[in-house]
file target05.txt (compact mmCIF, C-alpha atoms)
# COMPACT_ATOMS: atom_id res chain seq x y z
CA MET A 73 232.76 129.49 166.72
CA SER A 74 233.92 125.98 166.04
CA ASN A 75 235.25 124.70 169.36
CA ASN A 76 237.77 122.47 167.65
CA SER A 77 239.89 125.43 166.53
CA LEU A 78 243.50 125.66 167.68
CA VAL A 79 244.46 129.31 168.08
CA SER A 80 246.87 129.34 171.01
CA ILE A 81 248.75 126.68 172.96
CA SER A 82 246.77 127.80 176.02
CA ASP A 83 243.62 126.44 174.32
CA TYR A 84 244.91 122.95 175.14
CA CYS A 85 245.04 121.53 178.67
CA LYS A 86 247.80 119.15 179.73
CA ASP A 87 245.82 116.05 178.71
CA GLU A 88 245.08 117.45 175.26
CA ILE A 89 248.76 118.26 174.75
CA LEU A 90 249.74 114.72 175.74
CA THR A 91 247.06 113.25 173.46
CA ILE A 92 248.45 115.22 170.51
CA LEU A 93 251.97 114.00 171.29
CA ASP A 94 250.80 110.36 171.53
CA SER A 95 248.98 110.72 168.27
CA ALA A 96 252.07 112.31 166.64
CA ALA A 97 254.10 109.24 167.67
CA GLU A 98 251.55 107.01 165.92
CA PHE A 99 251.79 109.12 162.78
CA GLU A 100 255.56 108.93 162.91
CA ALA A 101 255.33 105.13 162.97
CA ASN A 102 252.87 105.17 160.09
CA PRO A 103 252.63 108.57 158.35
CA ASN A 104 250.56 107.45 155.34
CA ARG A 105 247.01 106.78 156.51
CA LYS A 106 243.96 107.72 154.48
CA ILE A 107 241.92 109.06 157.39
CA LEU A 108 241.25 112.40 155.65
CA ASP A 109 239.91 110.79 152.48
CA GLY A 110 237.40 113.15 150.88
CA LYS A 111 238.30 116.05 153.17
CA VAL A 112 239.38 119.43 151.82
CA ILE A 113 241.72 121.61 153.88
CA ALA A 114 242.34 125.24 152.99
CA THR A 115 245.76 126.77 153.64
CA LEU A 116 245.33 130.54 153.67
CA PHE A 117 248.73 132.19 153.92
CA PHE A 118 248.19 135.95 154.02
CA GLU A 119 251.94 136.25 154.43
CA PRO A 120 254.41 133.78 153.00
CA SER A 121 255.83 131.04 155.20
CA THR A 122 257.05 128.29 152.94
CA ARG A 123 258.32 126.02 155.71
CA THR A 124 255.09 125.98 157.73
CA ARG A 125 252.85 125.76 154.68
CA LEU A 126 254.72 122.82 153.14
CA SER A 127 254.67 121.02 156.46
CA PHE A 128 250.89 121.40 156.86
CA GLU A 129 250.21 120.54 153.22
CA THR A 130 252.39 117.43 153.37
CA ALA A 131 250.60 116.39 156.57
CA VAL A 132 247.20 116.65 154.85
CA ILE A 133 248.28 114.94 151.61
CA ARG A 134 249.87 112.01 153.48
CA LEU A 135 246.54 111.52 155.26
CA GLY A 136 244.67 111.41 151.95
CA GLY A 137 243.11 114.89 152.17
CA SER A 138 243.16 117.58 149.50
CA ILE A 139 244.49 121.14 149.66
CA ILE A 140 243.10 124.43 148.37
CA GLY A 141 244.35 127.91 149.19
CA PHE A 142 246.97 130.55 148.51
CA SER A 143 250.52 131.15 149.62
CA ASP A 144 250.63 134.92 149.37
CA ALA A 145 247.97 137.57 150.05
CA ALA A 146 248.83 139.29 146.76
CA THR A 147 247.06 136.45 144.93
CA SER A 148 243.94 136.52 147.14
CA SER A 149 241.02 138.93 147.19
CA SER A 150 242.26 140.47 150.45
CA SER A 151 244.49 142.50 148.09
CA LYS A 152 241.23 143.92 146.70
CA GLY A 153 240.19 144.98 150.19
CA GLU A 154 238.08 142.00 151.22
CA THR A 155 237.79 141.68 155.00
CA LEU A 156 239.08 138.60 156.81
CA ASN A 157 235.51 137.89 157.90
CA ASP A 158 234.36 137.64 154.28
CA THR A 159 237.35 135.54 153.16
CA ILE A 160 236.78 133.06 156.00
CA HIS A 161 233.05 132.75 155.23
CA MET A 162 233.74 132.23 151.55
CA VAL A 163 236.45 129.60 152.09
CA SER A 164 234.41 127.75 154.73
CA CYS A 165 231.84 127.03 152.00
CA TYR A 166 234.47 124.83 150.35
CA ALA A 167 236.79 123.52 153.05
CA ASP A 168 236.37 121.29 156.11
CA ALA A 169 239.09 123.13 158.04
CA ILE A 170 241.27 126.20 157.52
CA VAL A 171 244.98 126.51 158.26
CA MET A 172 245.79 130.22 158.40
CA ARG A 173 248.89 132.40 158.65
CA HIS A 174 248.16 136.13 158.96
CA PRO A 175 250.39 139.15 159.62
CA LEU A 176 247.86 140.79 161.99
CA GLU A 177 247.93 139.71 165.63
CA GLY A 178 244.65 138.28 166.87
CA ALA A 179 243.57 137.39 163.32
CA ALA A 180 243.34 133.69 164.19
CA ARG A 181 241.22 134.23 167.32
CA TYR A 182 238.87 136.42 165.30
CA ALA A 183 238.72 133.94 162.42
CA ALA A 184 237.89 131.15 164.87
CA GLU A 185 234.99 133.24 166.20
CA VAL A 186 233.40 133.88 162.82
CA SER A 187 234.25 130.61 161.07
CA PRO A 188 231.79 127.71 160.84
CA VAL A 189 234.74 125.30 160.33
CA PRO A 190 237.77 124.80 162.60
CA ILE A 191 240.70 127.22 162.28
CA ILE A 192 244.28 126.10 162.86
CA ASN A 193 246.53 129.05 163.60
CA ALA A 194 249.77 128.76 161.63
CA GLY A 195 251.03 132.06 163.06
CA ASP A 196 249.35 135.44 163.65
CA GLY A 197 252.05 138.09 163.54
CA ALA A 198 254.28 137.92 166.60
CA ASN A 199 251.45 136.47 168.68
CA GLN A 200 250.84 132.69 168.57
CA HIS A 201 252.10 129.71 166.58
CA PRO A 202 250.83 126.67 168.47
CA SER A 203 251.90 123.97 165.99
CA GLN A 204 255.51 125.13 166.46
CA THR A 205 255.13 124.80 170.23
CA LEU A 206 253.64 121.32 169.94
CA LEU A 207 256.45 120.17 167.67
CA ASP A 208 258.96 121.60 170.15
CA LEU A 209 257.28 119.59 172.92
CA TYR A 210 257.27 116.46 170.77
CA SER A 211 260.99 116.91 170.07
CA ILE A 212 261.72 117.36 173.77
CA LEU A 213 259.66 114.28 174.66
CA LYS A 214 261.31 112.17 171.95
CA THR A 215 264.85 113.12 172.90
CA GLN A 216 264.46 113.04 176.69
CA GLY A 217 261.85 110.30 177.08
CA THR A 218 259.83 112.60 179.36
CA LEU A 219 258.61 116.18 179.65
CA GLU A 220 258.79 116.22 183.45
CA ASN A 221 261.49 117.90 185.58
CA LEU A 222 263.72 119.06 182.72
CA THR A 223 266.17 121.96 182.73
CA ILE A 224 265.63 124.08 179.66
CA CYS A 225 267.90 126.90 178.52
CA LEU A 226 266.28 129.49 176.30
CA VAL A 227 268.83 131.49 174.33
CA GLY A 228 268.77 134.57 172.10
CA ASP A 229 265.83 136.87 171.47
CA LEU A 230 263.70 136.22 174.53
CA LYS A 231 261.94 139.58 174.29
CA TYR A 232 260.18 139.25 170.94
CA GLY A 233 260.52 135.52 170.29
CA ARG A 234 257.02 134.07 170.39
CA THR A 235 258.31 130.48 170.28
CA VAL A 236 260.05 130.81 173.65
CA HIS A 237 257.04 132.51 175.24
CA SER A 238 254.69 129.75 174.10
CA LEU A 239 257.19 127.10 175.19
CA ILE A 240 257.17 128.51 178.74
CA MET A 241 253.36 128.36 178.80
CA ALA A 242 253.26 124.81 177.46
CA MET A 243 256.09 123.45 179.65
CA SER A 244 254.48 124.94 182.76
CA HIS A 245 252.44 121.72 183.08
CA PHE A 246 255.61 119.63 183.50
CA LYS A 247 257.64 121.12 186.40
CA PRO A 248 260.53 122.56 184.36
CA THR A 249 263.50 124.68 185.43
CA PHE A 250 264.35 127.51 183.06
CA LYS A 251 267.51 129.41 182.37
CA PHE A 252 267.08 132.55 180.29
CA ILE A 253 270.20 133.55 178.36
CA ALA A 254 269.84 136.83 176.48
CA PRO A 255 271.52 140.19 175.96
CA ASN A 256 270.03 142.98 178.08
CA GLU A 257 268.20 144.43 175.06
CA LEU A 258 266.39 141.15 174.46
CA LYS A 259 265.70 139.96 178.02
CA MET A 260 262.65 137.89 178.91
CA PRO A 261 259.71 140.29 179.51
CA ASP A 262 258.46 140.63 183.09
CA GLU A 263 255.05 139.13 182.36
CA TYR A 264 256.63 135.71 181.66
CA LYS A 265 258.81 135.91 184.77
CA VAL A 266 255.70 136.73 186.80
CA PHE A 267 254.01 133.74 185.13
CA CYS A 268 256.89 131.48 186.25
CA GLU A 269 256.74 132.82 189.81
CA LYS A 270 252.98 132.29 190.00
CA ASN A 271 253.38 128.71 188.79
CA ASN A 272 256.35 127.93 191.08
CA ILE A 273 258.69 127.47 188.14
CA PRO A 274 262.31 128.20 189.09
CA TYR A 275 264.31 130.31 186.63
CA THR A 276 267.64 132.11 186.43
CA GLU A 277 268.78 134.84 184.09
CA VAL A 278 272.24 135.33 182.64
CA ASN A 279 273.54 137.32 179.72
CA GLU A 280 276.52 135.27 178.57
CA LEU A 281 276.12 132.11 176.54
CA THR A 282 279.64 130.59 177.03
CA ASP A 283 279.11 127.39 179.03
CA ASN A 284 276.15 128.49 181.08
CA PHE A 285 274.18 125.49 179.87
CA ASN A 286 276.22 122.63 181.33
CA ASP A 287 273.35 121.50 183.54
CA ALA A 288 270.76 121.73 180.75
CA ASP A 289 268.75 118.95 179.12
CA ILE A 290 267.52 121.19 176.30
CA LEU A 291 269.29 124.15 174.71
CA TYR A 292 266.65 126.10 172.80
CA MET A 293 268.36 128.57 170.47
CA THR A 294 266.58 131.46 168.72
CA ARG A 295 267.66 133.97 166.13
CA VAL A 296 268.95 137.34 167.33
CA GLN A 297 267.35 139.57 164.74
CA LYS A 298 269.23 142.59 163.47
CA GLU A 299 266.08 144.67 163.03
CA ARG A 300 265.34 144.50 166.78
CA PHE A 301 268.39 146.63 167.63
CA GLN A 302 268.40 150.42 167.64
CA ASP A 303 272.17 150.47 167.96
CA LEU A 304 273.82 148.40 165.22
CA MET A 305 277.15 148.42 167.06
CA GLU A 306 275.39 146.64 169.88
CA TYR A 307 274.03 144.06 167.44
CA GLU A 308 277.50 143.39 166.04
CA ARG A 309 278.82 142.79 169.55
CA VAL A 310 275.92 140.62 170.67
CA LYS A 311 275.59 138.43 167.59
CA ASN A 312 279.07 136.98 168.09
CA VAL A 313 278.58 136.41 171.80
CA TYR A 314 275.51 134.36 170.96
CA THR A 315 277.02 131.98 168.46
CA LEU A 316 277.04 128.39 169.65
CA LYS A 317 280.19 126.53 168.59
CA ASN A 318 280.96 122.85 168.80
CA ASP A 319 283.78 123.21 171.32
CA MET A 320 281.37 124.92 173.78
CA LEU A 321 279.47 121.64 174.06
CA SER A 322 282.31 119.55 175.49
CA ASN A 323 281.13 119.82 179.13
CA SER A 324 277.42 119.54 178.42
CA LYS A 325 275.27 116.65 179.61
CA PRO A 326 275.19 113.56 177.34
CA ASN A 327 271.42 113.81 176.95
CA LEU A 328 271.52 117.50 175.96
CA ARG A 329 269.81 118.25 172.67
CA ILE A 330 269.91 121.54 170.77
CA LEU A 331 266.65 122.83 169.33
CA HIS A 332 266.05 125.81 167.05
CA PRO A 333 262.77 126.82 165.36
CA LEU A 334 264.74 127.65 162.16
CA PRO A 335 265.71 129.44 160.01
CA ARG A 336 269.04 130.00 161.72
CA VAL A 337 271.50 132.61 160.59
CA ASN A 338 274.72 132.75 162.58
CA GLU A 339 273.63 131.75 166.09
CA ILE A 340 274.64 128.10 165.55
CA ASP A 341 277.97 127.53 163.86
CA PRO A 342 277.75 124.90 161.09
CA ASP A 343 280.42 122.90 162.95
CA VAL A 344 277.70 121.98 165.48
CA ASP A 345 275.58 120.26 162.81
CA SER A 346 277.56 117.03 162.91
CA ASN A 347 277.38 116.80 166.71
CA GLU A 348 274.85 114.17 167.81
CA LYS A 349 273.40 116.78 170.17
CA ALA A 350 272.24 118.91 167.23
CA TYR A 351 268.57 118.11 166.79
CA TYR A 352 267.15 121.08 164.84
CA PHE A 353 266.73 119.40 161.46
CA ARG A 354 264.98 116.36 162.93
CA GLN A 355 262.91 118.81 164.99
CA ALA A 356 261.60 120.27 161.72
CA GLN A 357 260.71 116.78 160.50
CA ASN A 358 258.78 116.14 163.72
CA GLY A 359 256.59 119.07 162.66
CA LEU A 360 255.04 116.88 160.00
CA TYR A 361 253.79 114.24 162.48
CA VAL A 362 252.60 116.83 164.97
CA ARG A 363 250.66 118.65 162.25
CA GLN A 364 249.10 115.35 161.15
CA ALA A 365 248.00 114.92 164.75
CA ILE A 366 246.61 118.48 164.92
CA VAL A 367 244.69 118.29 161.64
CA SER A 368 243.13 114.95 162.54
CA LYS A 369 242.21 116.21 166.01
CA VAL A 370 240.43 119.35 164.77
CA LEU A 371 238.57 117.24 162.19
CA ASP A 372 237.89 114.52 164.76
CA SER A 373 239.22 111.96 162.27
CA ASN A 374 241.40 109.93 164.61
CA LYS A 375 238.81 107.24 165.16
CA LYS A 376 238.11 106.51 161.50
CA MET B 17 232.05 184.87 193.49
CA GLY B 18 230.18 182.76 196.04
CA LYS B 19 227.21 182.30 193.72
CA GLU B 20 225.44 178.94 193.70
CA LEU B 21 225.29 177.26 190.35
CA LYS B 22 221.65 176.92 189.38
CA VAL B 23 220.98 173.52 187.89
CA ALA B 24 217.45 172.32 187.25
CA VAL B 25 216.31 169.82 189.86
CA LEU B 26 215.78 166.40 188.37
CA LYS B 27 212.39 164.75 188.77
CA ASN B 28 213.23 161.37 187.23
CA GLY B 29 216.49 160.15 185.77
CA THR B 30 220.18 159.65 186.49
CA VAL B 31 222.80 161.91 188.06
CA ILE B 32 226.48 161.17 187.56
CA ASP B 33 228.58 163.23 189.95
CA HIS B 34 232.28 163.48 190.82
CA ILE B 35 233.48 162.91 187.27
CA PRO B 36 237.06 164.21 186.92
CA ALA B 37 236.77 167.37 184.78
CA ASP B 38 239.03 166.01 182.04
CA LYS B 39 236.87 162.87 181.72
CA LEU B 40 233.45 164.51 181.33
CA PHE B 41 233.27 164.41 177.56
CA LYS B 42 234.68 160.87 177.45
CA VAL B 43 231.76 159.84 179.67
CA VAL B 44 229.35 161.64 177.34
CA SER B 45 230.81 159.73 174.44
CA ILE B 46 230.92 156.29 176.14
CA LEU B 47 227.26 156.60 177.19
CA HIS B 48 226.31 157.92 173.72
CA LEU B 49 224.68 160.95 175.36
CA ASP B 50 225.47 163.01 172.27
CA LYS B 51 222.84 160.92 170.44
CA THR B 52 220.07 160.78 173.06
CA LEU B 53 216.91 162.88 172.81
CA ASN B 54 216.40 163.16 176.59
CA GLN B 55 217.05 166.48 178.30
CA ILE B 56 220.61 166.54 179.57
CA THR B 57 222.42 168.98 181.84
CA LEU B 58 226.19 169.01 181.69
CA ALA B 59 228.37 170.94 184.09
CA ASN B 60 232.14 170.96 184.25
CA ASN B 61 235.03 172.49 186.17
CA LEU B 62 232.92 172.73 189.32
CA ASP B 63 234.80 173.07 192.59
CA SER B 64 235.23 169.76 194.37
CA ALA B 65 236.79 169.28 197.79
CA LYS B 66 237.62 165.68 196.86
CA ILE B 67 239.05 165.90 193.37
CA GLY B 68 239.67 169.62 192.82
CA SER B 69 237.66 170.09 189.67
CA LYS B 70 234.73 167.94 188.70
CA GLY B 71 232.06 167.37 186.11
CA LEU B 72 228.41 166.49 186.55
CA ILE B 73 225.79 164.99 184.24
CA LYS B 74 222.02 164.91 184.74
CA ILE B 75 219.97 162.80 182.39
CA SER B 76 216.25 163.40 182.59
CA GLU B 77 213.66 160.62 182.37
CA ARG B 78 216.16 157.84 181.91
CA ALA B 79 217.53 155.48 184.54
CA LEU B 80 220.77 154.12 183.12
CA GLU B 81 221.17 150.35 183.25
CA GLU B 82 223.97 148.81 185.28
CA ASP B 83 225.84 147.54 182.24
CA GLU B 84 225.81 151.12 180.94
CA THR B 85 227.11 152.75 184.10
CA ASN B 86 229.75 150.07 184.58
CA LYS B 87 231.22 151.10 181.25
CA ILE B 88 232.49 154.30 182.86
CA ALA B 89 234.04 152.47 185.82
CA LEU B 90 237.19 152.14 183.75
CA ILE B 91 237.81 155.88 183.34
CA CYS B 92 236.21 157.34 186.48
CA PRO B 93 235.98 154.60 189.10
CA ASN B 94 235.08 157.12 191.82
CA ALA B 95 232.14 158.76 190.07
CA LYS B 96 228.84 158.65 191.97
CA ILE B 97 225.71 157.40 190.26
CA ASN B 98 222.30 158.32 191.68
CA ILE B 99 219.04 157.12 190.21
CA ILE B 100 216.23 159.62 190.90
CA ARG B 101 212.50 158.94 191.01
CA ASP B 102 210.00 161.65 192.01
CA PHE B 103 212.83 163.91 193.23
CA VAL B 104 214.09 161.19 195.56
CA VAL B 105 217.34 159.22 195.26
CA VAL B 106 216.07 155.65 195.00
CA GLU B 107 219.40 154.04 194.25
CA LYS B 108 223.03 154.91 194.95
CA ARG B 109 224.80 152.66 192.54
CA PRO B 110 228.40 151.53 193.01
CA LEU B 111 230.55 151.27 189.90
CA ILE B 112 231.84 147.79 189.21
CA LEU B 113 234.50 147.17 186.62
CA PRO B 114 233.12 144.41 184.36
CA GLU B 115 235.16 141.26 183.65
CA GLU B 116 235.02 141.99 179.97
CA ILE B 117 234.99 145.38 178.25
CA ARG B 118 233.69 145.60 174.71
CA GLU B 119 233.89 148.33 172.12
CA ILE B 120 234.97 151.39 174.15
CA VAL B 121 238.68 150.60 174.52
CA GLN B 122 241.14 150.70 171.65
CA CYS B 123 244.00 148.18 171.54
CA THR B 124 247.44 149.78 171.87
CA ASN B 125 248.96 147.26 169.46
CA PRO B 126 249.06 148.86 165.98
CA VAL B 127 249.15 145.43 164.28
CA CYS B 128 246.20 144.05 166.24
CA ILE B 129 243.37 142.81 164.01
CA THR B 130 240.96 145.22 165.78
CA ASN B 131 242.98 148.24 164.59
CA ASN B 132 243.01 147.08 160.98
CA GLN B 133 239.68 145.42 160.25
CA PRO B 134 236.07 146.10 161.30
CA VAL B 135 236.26 144.02 164.50
CA THR B 136 234.67 145.06 167.82
CA THR B 137 237.33 145.22 170.55
CA ARG B 138 237.12 142.89 173.56
CA PHE B 139 239.31 143.12 176.65
CA HIS B 140 239.57 140.84 179.67
CA VAL B 141 239.99 142.73 182.94
CA GLN B 142 242.63 141.10 185.13
CA ASN B 143 243.99 141.90 188.56
CA GLN B 144 247.76 141.28 188.57
CA ASN B 145 249.11 141.80 192.07
CA GLY B 146 246.73 144.71 192.71
CA GLN B 147 247.31 146.32 189.32
CA ILE B 148 244.32 146.31 186.95
CA VAL B 149 245.40 145.16 183.50
CA LEU B 150 243.34 144.85 180.34
CA LYS B 151 244.26 141.99 178.03
CA CYS B 152 243.16 142.14 174.40
CA HIS B 153 241.00 139.12 173.61
CA TYR B 154 242.50 138.94 170.12
CA CYS B 155 246.21 139.87 170.09
CA GLU B 156 246.70 139.15 173.84
CA ARG B 157 248.58 142.42 174.37
CA GLU B 158 248.20 143.68 177.95
CA VAL B 159 247.82 147.30 178.97
CA ALA B 160 247.72 148.82 182.46
CA GLN B 161 244.45 150.53 183.40
CA GLU B 162 245.97 154.03 183.52
CA LYS B 163 247.39 153.65 180.01
CA VAL B 164 244.13 152.49 178.45
CA LYS B 165 243.13 154.27 175.26
CA ILE B 166 239.43 155.08 175.08
CA LYS B 167 238.08 155.21 171.53

call {"tool": "encode", "arguments": {"input": "target05.txt", "output": "structure tokens"}}
result
Amino acid sequence: MSNNSLVSISDYCKDEILTILDSAAEFEANPNRKILDGKVIATLFFEPSTRTRLSFETAVIRLGGSIIGFSDAATSSSSKGETLNDTIHMVSCYADAIVMRHPLEGAARYAAEVSPVPIINAGDGANQHPSQTLLDLYSILKTQGTLENLTICLVGDLKYGRTVHSLIMAMSHFKPTFKFIAPNELKMPDEYKVFCEKNNIPYTEVNELTDNFNDADILYMTRVQKERFQDLMEYERVKNVYTLKNDMLSNSKPNLRILHPLPRVNEIDPDVDSNEKAYYFRQAQNGLYVRQAIVSKVLDSNKK
Amino acid sequence: MGKELKVAVLKNGTVIDHIPADKLFKVVSILHLDKTLNQITLANNLDSAKIGSKGLIKISERALEEDETNKIALICPNAKINIIRDFVVVEKRPLILPEEIREIVQCTNPVCITNNQPVTTRFHVQNQNGQIVLKCHYCEREVAQEKVKIK
């Protein structure tokens, strides 16, 4: 296994996370640097994810590297029955690093074990998506000036949402306070509450959005997905309760910023977009700098 | 009917006793005893004061290694392992649950890579407030010891 792989946010210690965020800030100041000149990066997307793929590919191209790969498994030989092991070995003959999105959970960990070149996990099913977590952290750091001692409200699908689970893990280094706001059907699973208790992280749970976030520094919204509900009546009720509207923000703290991993559907009303507290589109742009930092770290190209 | 069960006395080898009756054939399978050429005696549904109904395995001329016997710690932690040499018990071996379990456990997550591609399963054994939990090395799904699926 190539030790430089990034499979899960828990692969990085606090110092490594902070180094990535520092490096992302440097890339933001100067995004076009030819430090990947002559390098070839493969983007293997066994399931489509246009947003993540474009972000990684732009990151590589702005650093002077080249891209090979596919954006849909239907156009790769996995549709002929090739195993992931074989695909990874074949591609590693050509590429210096592999960015991979795969529908099967654990695919990235396995790929990192068999691959001679570093693997960057761009999402393995509902399991891990560490570049999303790092760009969330970068957005929090940029908007708050610190990661320490913040109050973070997580809203929406806290049961299945991998972004909120990874965010809890990553923020655990920085003494946060959490508030979990979710309908009963989509409550935060016990294992993450146990994790908070073990790490002395205070949290509260509520199931109404209304103005329960007035003490928050970060409001992290997620999509309440229709397909998660067995009872569609329940979904219809819940989806309206969990829509953030501009007038709900009037008593919030001045430094509050609203994050969302995107795509959003109806959980943030468009009337919030013009509020200076809405940060989700700039959050997506931060993804570019964070991914430049990740790619150069796994290729050890920062020094060149 | 009060009759003693006559089982050949073992000269050299391994005796595994106090296996819960419903786990006997799982043990056979985990230890690959169905493929060995050694003489084997299997007994099942024997009366047991401790567990009601038990199974017993005698393997002739083969002392199982510790990493083999520890594989069954997951499904029958209270089984007794005796290593016999010249009709004498030379070792009473405790069963120790290993920190990592390979191959024998199946992940409960249907979209785990190990259930869809030829990948050997790996689980990390964790103690969470007294409850033994197995965490899949790949998809990170956790499963409580009593809900573990043996392949």

call {"tool": "residues_around", "arguments": {"input": "target05.txt", "residues": "Ile99 in chain B", "least_positions_apart": "6", "cutoff": "9 Å", "atoms": "only C-alpha atoms", "output": "PDB file with C-alpha atoms, in the frame of the given file"}}
result
ATOM      1  CA  ASN B  28     213.230 161.370 187.230  1.00  0.00           C
ATOM      2  CA  GLY B  29     216.490 160.150 185.770  1.00  0.00           C
ATOM      3  CA  THR B  30     220.180 159.650 186.490  1.00  0.00           C
ATOM      4  CA  VAL B  31     222.800 161.910 188.060  1.00  0.00           C
ATOM      5  CA  ILE B  32     226.480 161.170 187.560  1.00  0.00           C
ATOM      6  CA  ARG B  78     216.160 157.840 181.910  1.00  0.00           C
ATOM      7  CA  ALA B  79     217.530 155.480 184.540  1.00  0.00           C
ATOM      8  CA  LEU B  80     220.770 154.120 183.120  1.00  0.00           C
ATOM      9  CA  VAL B 105     217.340 159.220 195.260  1.00  0.00           C
ATOM     10  CA  VAL B 106     216.070 155.650 195.000  1.00  0.00           C
ATOM     11  CA  GLU B 107     219.400 154.040 194.250  1.00  0.00           C
ATOM     12  CA  LYS B 108     223.030 154.910 194.950  1.00  0.00           C
ATOM     13  CA  ARG B 109     224.800 152.660 192.540  1.00  0.00           C
TER      14      ARG B 109
END

call {"tool": "interface_residues", "arguments": {"input": "target05.txt", "of": "chain A", "to": "chain B", "cutoff": "10 Å", "atoms": "only C-alpha atoms", "output": "PDB file with C-alpha atoms, keeping the file's coordinate frame"}}
result
ATOM      1  CA  GLU A 154     238.080 142.000 151.220  1.00  0.00           C
ATOM      2  CA  THR A 155     237.790 141.680 155.000  1.00  0.00           C
ATOM      3  CA  LEU A 156     239.080 138.600 156.810  1.00  0.00           C
ATOM      4  CA  ASN A 157     235.510 137.890 157.900  1.00  0.00           C
ATOM      5  CA  HIS A 174     248.160 136.130 158.960  1.00  0.00           C
ATOM      6  CA  PRO A 175     250.390 139.150 159.620  1.00  0.00           C
ATOM      7  CA  LEU A 176     247.860 140.790 161.990  1.00  0.00           C
ATOM      8  CA  GLU A 177     247.930 139.710 165.630  1.00  0.00           C
ATOM      9  CA  GLY A 178     244.650 138.280 166.870  1.00  0.00           C
ATOM     10  CA  ALA A 179     243.570 137.390 163.320  1.00  0.00           C
ATOM     11  CA  ALA A 180     243.340 133.690 164.190  1.00  0.00           C
ATOM     12  CA  ARG A 181     241.220 134.230 167.320  1.00  0.00           C
ATOM     13  CA  TYR A 182     238.870 136.420 165.300  1.00  0.00           C
ATOM     14  CA  ALA A 183     238.720 133.940 162.420  1.00  0.00           C
ATOM     15  CA  ASP A 196     249.350 135.440 163.650  1.00  0.00           C
ATOM     16  CA  GLY A 197     252.050 138.090 163.540  1.00  0.00           C
ATOM     17  CA  ALA A 198     254.280 137.920 166.600  1.00  0.00           C
ATOM     18  CA  ASN A 199     251.450 136.470 168.680  1.00  0.00           C
ATOM     19  CA  GLN A 200     250.840 132.690 168.570  1.00  0.00           C
ATOM     20  CA  GLU A 263     255.050 139.130 182.360  1.00  0.00           C
ATOM     21  CA  VAL A 266     255.700 136.730 186.800  1.00  0.00           C
TER      22      VAL A 266
END

call {"tool": "axis_aligned_box", "arguments": {"input": "target05.txt", "around": "range 151-156 of chain A", "padding_each_side": "4 Å", "output": "lines of an AutoDock Vina configuration file"}}
result
center_x = 241.1
center_y = 141.8
center_z = 151.8
size_x = 14.7
size_y = 14.4
size_z = 18.1

call {"tool": "residues_around", "arguments": {"input": "target05.txt", "residues": "range 118-134 of chain A", "least_positions_apart": "2", "cutoff": "10 Å", "atoms": "only C-alpha atoms", "output": "ChimeraX atom specification"}}
result
/A:99,102-109,111-116,136-140,142-148,150-151,156,171-176,194-197,203-204,334-335,356-368

call {"tool": "write_last_selection", "arguments": {"input": "target05.txt", "atoms": "C-alpha atoms", "output": "compact mmCIF listing (two decimals), keeping the file's coordinate frame"}}
result
# COMPACT_ATOMS: atom_id res chain seq x y z
CA PHE A 99 251.79 109.12 162.78
CA ASN A 102 252.87 105.17 160.09
CA PRO A 103 252.63 108.57 158.35
CA ASN A 104 250.56 107.45 155.34
CA ARG A 105 247.01 106.78 156.51
CA LYS A 106 243.96 107.72 154.48
CA ILE A 107 241.92 109.06 157.39
CA LEU A 108 241.25 112.40 155.65
CA ASP A 109 239.91 110.79 152.48
CA LYS A 111 238.30 116.05 153.17
CA VAL A 112 239.38 119.43 151.82
CA ILE A 113 241.72 121.61 153.88
CA ALA A 114 242.34 125.24 152.99
CA THR A 115 245.76 126.77 153.64
CA LEU A 116 245.33 130.54 153.67
CA GLY A 136 244.67 111.41 151.95
CA GLY A 137 243.11 114.89 152.17
CA SER A 138 243.16 117.58 149.50
CA ILE A 139 244.49 121.14 149.66
CA ILE A 140 243.10 124.43 148.37
CA PHE A 142 246.97 130.55 148.51
CA SER A 143 250.52 131.15 149.62
CA ASP A 144 250.63 134.92 149.37
CA ALA A 145 247.97 137.57 150.05
CA ALA A 146 248.83 139.29 146.76
CA THR A 147 247.06 136.45 144.93
CA SER A 148 243.94 136.52 147.14
CA SER A 150 242.26 140.47 150.45
CA SER A 151 244.49 142.50 148.09
CA LEU A 156 239.08 138.60 156.81
CA VAL A 171 244.98 126.51 158.26
CA MET A 172 245.79 130.22 158.40
CA ARG A 173 248.89 132.40 158.65
CA HIS A 174 248.16 136.13 158.96
CA PRO A 175 250.39 139.15 159.62
CA LEU A 176 247.86 140.79 161.99
CA ALA A 194 249.77 128.76 161.63
CA GLY A 195 251.03 132.06 163.06
CA ASP A 196 249.35 135.44 163.65
CA GLY A 197 252.05 138.09 163.54
CA SER A 203 251.90 123.97 165.99
CA GLN A 204 255.51 125.13 166.46
CA LEU A 334 264.74 127.65 162.16
CA PRO A 335 265.71 129.44 160.01
CA ALA A 356 261.60 120.27 161.72
CA GLN A 357 260.71 116.78 160.50
CA ASN A 358 258.78 116.14 163.72
CA GLY A 359 256.59 119.07 162.66
CA LEU A 360 255.04 116.88 160.00
CA TYR A 361 253.79 114.24 162.48
CA VAL A 362 252.60 116.83 164.97
CA ARG A 363 250.66 118.65 162.25
CA GLN A 364 249.10 115.35 161.15
CA ALA A 365 248.00 114.92 164.75
CA ILE A 366 246.61 118.48 164.92
CA VAL A 367 244.69 118.29 161.64
CA SER A 368 243.13 114.95 162.54

call {"tool": "closest_residue", "arguments": {"input": "target05.txt", "among": "A:Met305, A:Leu206, A:Met260, A:Val296", "to": "Leu90 in chain A", "atoms": "all atoms listed in the file"}}
result
A:Leu206
